[in-house]
Amino acid sequence: MADLEQFRTETRAWLEANCPPEMREPVRGEDDIYWGGRRATFKNDAQKAWLEACIAKGYTVPMWPKEYGGAGLSAPEAKVLREEMGRINARPPLSSFGIWMLGPALLHFGTEGQKQRFLNEIARGEIRWCQGYSEPGSGSDLVSLQTFGEDKGDHWVVNGQKIWTSYADHADWIFCLVRTDKENKYGGITFMLFDMASEGVTTKPIKLISGSSPFCETFFDNVAVPKSYGDDVPAYVGTINRGWDVAKYLLGHEREMISGADGGERQAAIGAAMKRHAAKTGDDIDPVLRAELAMFDVDALAYAAMGEKFLDEIKVGKAHPAQPNMMKYAGTELNKRRHELMMAVGGSRALEWESEATEGGKPAKNWLRTKANSIEGGTSEVMLNVIAKRILDLPGA
Amino acid sequence: MPLYHNEDQAMLADTARGFIAEEGNIAKQLRHWRDRNCKDGFGHALWKQMAEMGFTGMLVEEADGGLGMGHVEAGIVLEEIGRNLTPSPFLTSSVLAATALKHGSADLKGRYLPGLIAGDSVFAVAIDETAKHRPERITTRAEKSGNGFKLSGAKSFVIQGASADMIVVAARTSGADDDADGITLFAVPKDAAGMSHDSVRLVDSSMATHTRFDGVELDGDAVIGEIDGGRAVLDAMLLAGRVGAAAEGVGVARGAMDMTVDYLKQRKQFGKLIGEFQALQHRASHLYSEVEIARAVTIKAQQLLDGGSTHAELMASVAKAKVAKTARLAVQEGVQMHGGIGMTDEYDIGLYMKRDRALAEFLGDAFYHANRVAELSGY
């Protein structure tokens with residue numbers, strides 16, 4: 001405990017010295033998030049300085065081992081770092097699907113050669129990854145996916161289409177589920193890694209109801225994917241035809257992430273902020289709305305405690321392996337409710353689609369965005385199915 | 001501190017679970033005493049056994065003969081009490097009254113704590129004066145009288161009031177009814193002249209009283225804590241009690257849920273186990289999710305309270321409200337998914353519904369505590 005307090009003191013001092021004031025402001029727009037990659041540009045010097053300081057310290061991926069670009073922090077140390085960053089509202093220096101998804105898969109299933117190469121690239125923000133999972137005919141029933149890689153000896157020729165590929169149009173590489181055996185549903189999928197600049201890859205952004213296009217359709221037209229990128233660096237994670245194991249492992253991570261389990265309680269309750277917000281526009285909060293806000297805050301603060309408990313338990317292997325599904329279900333349903341209430345408090349002002357006061361319709365756009373929360377990464381209904389089957393052990397589930 | 005039980009607490013949980021399932025189960029306690037129309041509504045023999053297990057004095061300081069444990073530990077016992085619907089004086093005596101007595105004089109502690117620890121004494125608390133919990137308003141008056149006080153007024157929802165050897169009474173010694181200050185807590189012995197009980201059986205078969213104080217003469221040494229400074233003691237007692245009631249509610253919710261999920265795996269209709277129907281699976285999964293969350297925030301509140309955190313009050317109200325909502329969901333889904341037999345007295349699921357109703361009302365329901373969350377958050 002004394003060591004941990006020492007670590008806290010050091011971390012606080014390091015953050016004080018290295019986190020620029022601009023990086024302690026709330027994230028206001030997409031361009032405030034640094035995603036890295038070959039084509040990335042910094043919004044300002046502060047963003048660059050903050051990233052570089054974190055890379056040098058291993059803090060873009062604090063819990064990864066030092067040899068792969070991390071800081072090798074223990075779980076309690078990482079919690080302290082999170083708390084201290086939260087205390088000063090420090091922005092994450094780097095966001096990426098490489099950190100959240102591919103990295104954990106490689107740490108678990110990757111070869112040493114893959115870890116050396118890909119993890120270090122991810123930690124330094126050099127390569128931006130996207131995830132090729134869903135297909136037009138394979139949403140909730142992901143395992144029915146059809147994108148096919150024909151075996152040509154030293155390479156595959158991949159044909160097919162992915163959908164809902166987040167930021168595919170900005171990504172450098174893709175980790176992609178490809179069918180390599182048509183006879184074997186679960187045991188015929190390979191988890192491939194390849195360059196989005198490969199010939200035959202095209203992307204087409206999908207415009208959403210929020211007006212933004214975070215997702216793409218991604219087409220593969222005779223894309224040649226080599227089986228290896230060098231000594232001990234295969235182009236697939238795990239084993240050929242056993243990619244579903246990796247995908248399932250990663251879905252756990254994705255659900256955990258979407259659940260906002262580590263969001264912390266400071267972001268959870270909204271009632272007080274809503275009252276201040278209403279006061280600014282000279283509005284009062286209706287007593288019935290106040291009651292709904294209070295009930296929401298009860299649920300949100302309770303959920304924040306659940307998030308804390310879940311993360312604590314995961315670290316020592318106490319959490320039920322299917323618990324991320326429960327977190328994802330509860331967290332996303334809560335977030336939808338949060339934005340419904342924020343819209344209610346915002347009134348007609350929150351309806352503005354293009355105005356300075358709303359920074360370009362942010363309340364409405366954020367509200368619409370949350371509707372995807374309970375669809376992406378497994379729908380709420382799929383989560384409930386999984387809980388019924390794996391946790392409650394209900395028959396025929 | 002991680003939000004799960006440490007090794008000692010996990011061991012205590014194992015012990016408590018085994019013991020209460022064996023000795024405190026529904027057939028042996030709740031139904032047994034209910035069917036005999038027991039005037040106490042609980043069994044003294046079990047209370048004595050709980051003393052032998054070390055439960056009765058777990059929150060009492062070691063210096064005062066107790067185990068000096070915290071609310072996480074008390075919550076462990078309460079969760080099992082909730083799961084088994086065990087009628088016992090634990091929450092009122094070992095949590096609420098014991099917390100008040102922490103603020104009492106050495107003389108008061110010496111008078112009451114040994115009996116509690118030994119399982120010979122039962123204590124009650126008299127706070128509410130109307131049908132809804134509203135401790136902000138105290139109208140029962142204690143007037144100075146010689147070296148002591150004269151207590152006048154009426155209290156309601158005094159759980160096990162008629163069985164209690166001592167009742168902790170919150171009374172006003174100065175100021176107006178709604179003032180925060182001017183409250184004094186008294187330890188009123190059972191034989192106090194002028195105290196009378198109107199005993200009623202509640203929906204969950206527990207016993208409560210409407211208690212009247214008609215000029216009850218009390219010595220100055222019946223005062224718990226400071227004269228006129230009782231609000232702090234009352235708040236500490238309410239805080240401990242609410243966190244404890246939340247833990248018991250988690251047990252009620254888990255008990256009802258487990259029973260219901262088991263039933264889904266046994267009952268057949270349309271040639272199938274009803275647990276195969278997705279309409280029921282999704283409801284059960286949603287319930288599971290809510291129960292997990294309610295349990296997490298309850299442990300959070302216990303830890304904050306044990307750590308002396310300033311957030312404990314907010315989180316206690318979050319926990320009490322969340323548990324009240326969740327246990328309500330658990331018992332309603334429980335009865336509905338049991339179908340017709342869920343309405344019969346023979347099946348236990350209905351007993352969970354009754355207990356939830358009474359427990360949720362005790363020390364403030366979901367509405368009271370959600371409102372409190374709003375107030376404590378500044379809106």
# chains A, B, ... in the order shown; residues from 1 in each chain; ligands from 1

call {"tool": "residues_around", "arguments": {"residues": "Val80 (chain A)", "least_positions_apart": "4", "cutoff": "7 Å", "atoms": "only C-alpha atoms", "output": "list in words"}}
result
Arg8, Pro76 and Glu84 of chain A

call {"tool": "write_last_selection", "arguments": {"atoms": "N, CA and C atoms", "output": "CSV table (one decimal), in the first residue's frame"}}
result
chain,number,residue,atom,x,y,z
A,8,ARG,N,1.4,6.9,-6.5
A,8,ARG,CA,0.4,7.9,-6.8
A,8,ARG,C,1.1,9.3,-6.8
A,76,PRO,N,-3.3,-2.6,-9.8
A,76,PRO,CA,-3.6,-1.5,-8.9
A,76,PRO,C,-2.9,-0.2,-9.3
A,84,GLU,N,-5.8,9.2,-11.3
A,84,GLU,CA,-5.0,10.4,-11.3
A,84,GLU,C,-5.3,11.2,-12.6

call {"tool": "select_by_dssp", "arguments": {"residues": "region 157-344 of chain B", "states": "alpha helix (DSSP H)", "output": "MDAnalysis selection string"}}
result
chainID B and resid 230:264 278:306 312:338

call {"tool": "interface_residues", "arguments": {"of": "chain A", "to": "chain B", "cutoff": "6 Å", "atoms": "only C-alpha atoms", "output": "list in words"}}
result
Ala272, Ala294, Met295, Val298, Ala302, Tyr303, Ala305, Met306, Lys309, Asp312, Met326, Leu384, Ile387, Ala388, Leu394, Pro395 and Gly396 of chain A

call {"tool": "write_last_selection", "arguments": {"atoms": "N, CA and C atoms", "output": "short mmCIF file (atom, residue, chain, number, x, y, z; two decimals), in the first residue's frame"}}
result
data_model
loop_
_atom_site.label_atom_id
_atom_site.label_comp_id
_atom_site.auth_asym_id
_atom_site.auth_seq_id
_atom_site.Cartn_x
_atom_site.Cartn_y
_atom_site.Cartn_z
N ALA A 272 -27.16 17.00 -11.38
CA ALA A 272 -26.64 18.30 -10.97
C ALA A 272 -26.22 19.12 -12.19
N ALA A 294 -33.35 11.84 -10.98
CA ALA A 294 -32.90 11.24 -9.71
C ALA A 294 -32.86 9.71 -9.83
N MET A 295 -33.90 9.14 -10.43
CA MET A 295 -33.91 7.69 -10.62
C MET A 295 -32.79 7.26 -11.56
N VAL A 298 -29.54 7.30 -9.60
CA VAL A 298 -29.45 6.10 -8.76
C VAL A 298 -28.89 4.94 -9.60
N ALA A 302 -25.06 3.44 -9.31
CA ALA A 302 -24.98 2.01 -8.98
C ALA A 302 -24.20 1.28 -10.07
N TYR A 303 -24.46 1.66 -11.32
CA TYR A 303 -23.75 1.02 -12.42
C TYR A 303 -22.25 1.34 -12.36
N ALA A 305 -20.52 1.75 -9.70
CA ALA A 305 -19.95 0.83 -8.70
C ALA A 305 -19.77 -0.56 -9.29
N MET A 306 -20.75 -0.95 -10.11
CA MET A 306 -20.66 -2.26 -10.77
C MET A 306 -19.45 -2.30 -11.69
N LYS A 309 -16.40 -2.75 -9.61
CA LYS A 309 -16.33 -4.12 -9.10
C LYS A 309 -15.92 -5.09 -10.22
N ASP A 312 -12.25 -4.70 -10.97
CA ASP A 312 -11.48 -5.30 -9.87
C ASP A 312 -11.49 -6.82 -9.97
N MET A 326 -23.21 -8.76 -19.62
CA MET A 326 -24.11 -8.08 -18.70
C MET A 326 -23.75 -6.59 -18.59
N LEU A 384 -28.68 -10.56 -23.68
CA LEU A 384 -29.60 -11.26 -22.77
C LEU A 384 -29.60 -12.76 -23.06
N ILE A 387 -26.43 -14.13 -21.42
CA ILE A 387 -26.57 -14.22 -19.96
C ILE A 387 -27.43 -15.44 -19.60
N ALA A 388 -28.53 -15.61 -20.34
CA ALA A 388 -29.43 -16.74 -20.07
C ALA A 388 -28.70 -18.07 -20.21
N LEU A 394 -29.88 -21.45 -18.43
CA LEU A 394 -31.27 -21.80 -18.74
C LEU A 394 -31.30 -22.78 -19.90
N PRO A 395 -32.29 -23.66 -19.92
CA PRO A 395 -32.32 -24.73 -20.93
C PRO A 395 -32.55 -24.17 -22.32
N GLY A 396 -31.89 -24.78 -23.30
CA GLY A 396 -32.13 -24.45 -24.71
C GLY A 396 -31.73 -23.04 -25.10
#

call {"tool": "atom_distance", "arguments": {"atom1": "CA of Asp393 (chain A)", "atom2": "CA of Ala322 (chain A)"}}
result
11.4 Å

call {"tool": "select_by_dssp", "arguments": {"residues": "region 22-211 of chain A", "states": "strand (DSSP E)", "output": "PyMOL selection string"}}
result
chain A and resi 129-132+148-151+155-166+173-179+189-195+201-206

call {"tool": "closest_residue", "arguments": {"among": "A:Pro226, A:Gly282, A:Gly69, A:Pro363", "to": "Gly103 (chain A)", "atoms": "only C-alpha atoms"}}
result
A:Gly69

call {"tool": "residues_around", "arguments": {"residues": "Lys115 (chain A)", "least_positions_apart": "5", "cutoff": "7 Å", "atoms": "only C-alpha atoms", "output": "number ranges by chain"}}
result
A: 68, 106-107, 110

call {"tool": "atom_distance", "arguments": {"atom1": "CA of Ser199 (chain B)", "atom2": "CA of Phe213 (chain B)"}}
result
14.4 Å

call {"tool": "residues_around", "arguments": {"residues": "Leu15 (chain A)", "least_positions_apart": "4", "cutoff": "8 Å", "atoms": "only C-alpha atoms", "output": "PyMOL selection string"}}
result
chain A and resi 11+19+85

call {"tool": "residues_around", "arguments": {"residues": "Ser140 (chain A)", "least_positions_apart": "5", "cutoff": "8 Å", "atoms": "only C-alpha atoms", "output": "mmCIF file with N, CA and C atoms, in the first residue's frame"}}
result
data_model
loop_
_atom_site.group_PDB
_atom_site.id
_atom_site.type_symbol
_atom_site.label_atom_id
_atom_site.label_comp_id
_atom_site.auth_asym_id
_atom_site.auth_seq_id
_atom_site.Cartn_x
_atom_site.Cartn_y
_atom_site.Cartn_z
ATOM 1 N N GLY A 378 -22.865 -6.546 -30.632
ATOM 2 C CA GLY A 378 -23.824 -7.498 -30.049
ATOM 3 C C GLY A 378 -25.013 -6.741 -29.485
ATOM 4 N N THR A 379 -26.206 -7.025 -29.994
ATOM 5 C CA THR A 379 -27.390 -6.286 -29.546
ATOM 6 C C THR A 379 -27.724 -6.628 -28.097
ATOM 7 N N VAL A 382 -29.056 -10.028 -27.893
ATOM 8 C CA VAL A 382 -28.035 -11.082 -27.924
ATOM 9 C C VAL A 382 -27.351 -11.179 -26.546
#

call {"tool": "closest_residue", "arguments": {"among": "A:Ala75, A:Val61, A:Ala197, A:Leu51", "to": "Trp100 (chain A)", "atoms": "only C-alpha atoms"}}
result
A:Val61

call {"tool": "residues_around", "arguments": {"residues": "Asn25 (chain B)", "least_positions_apart": "6", "cutoff": "12 Å", "atoms": "only C-alpha atoms", "output": "number ranges by chain"}}
result
B: 17-19, 31-33, 43, 46, 80-88, 255, 348

call {"tool": "residues_around", "arguments": {"residues": "region 109-124 of chain B", "least_positions_apart": "2", "cutoff": "8 Å", "atoms": "only C-alpha atoms", "output": "PyMOL selection string"}}
result
chain B and resi 47-52+54+56-57+60+64-66+89+92-94+97-98+101-102+104-107+126+158-161+163-168
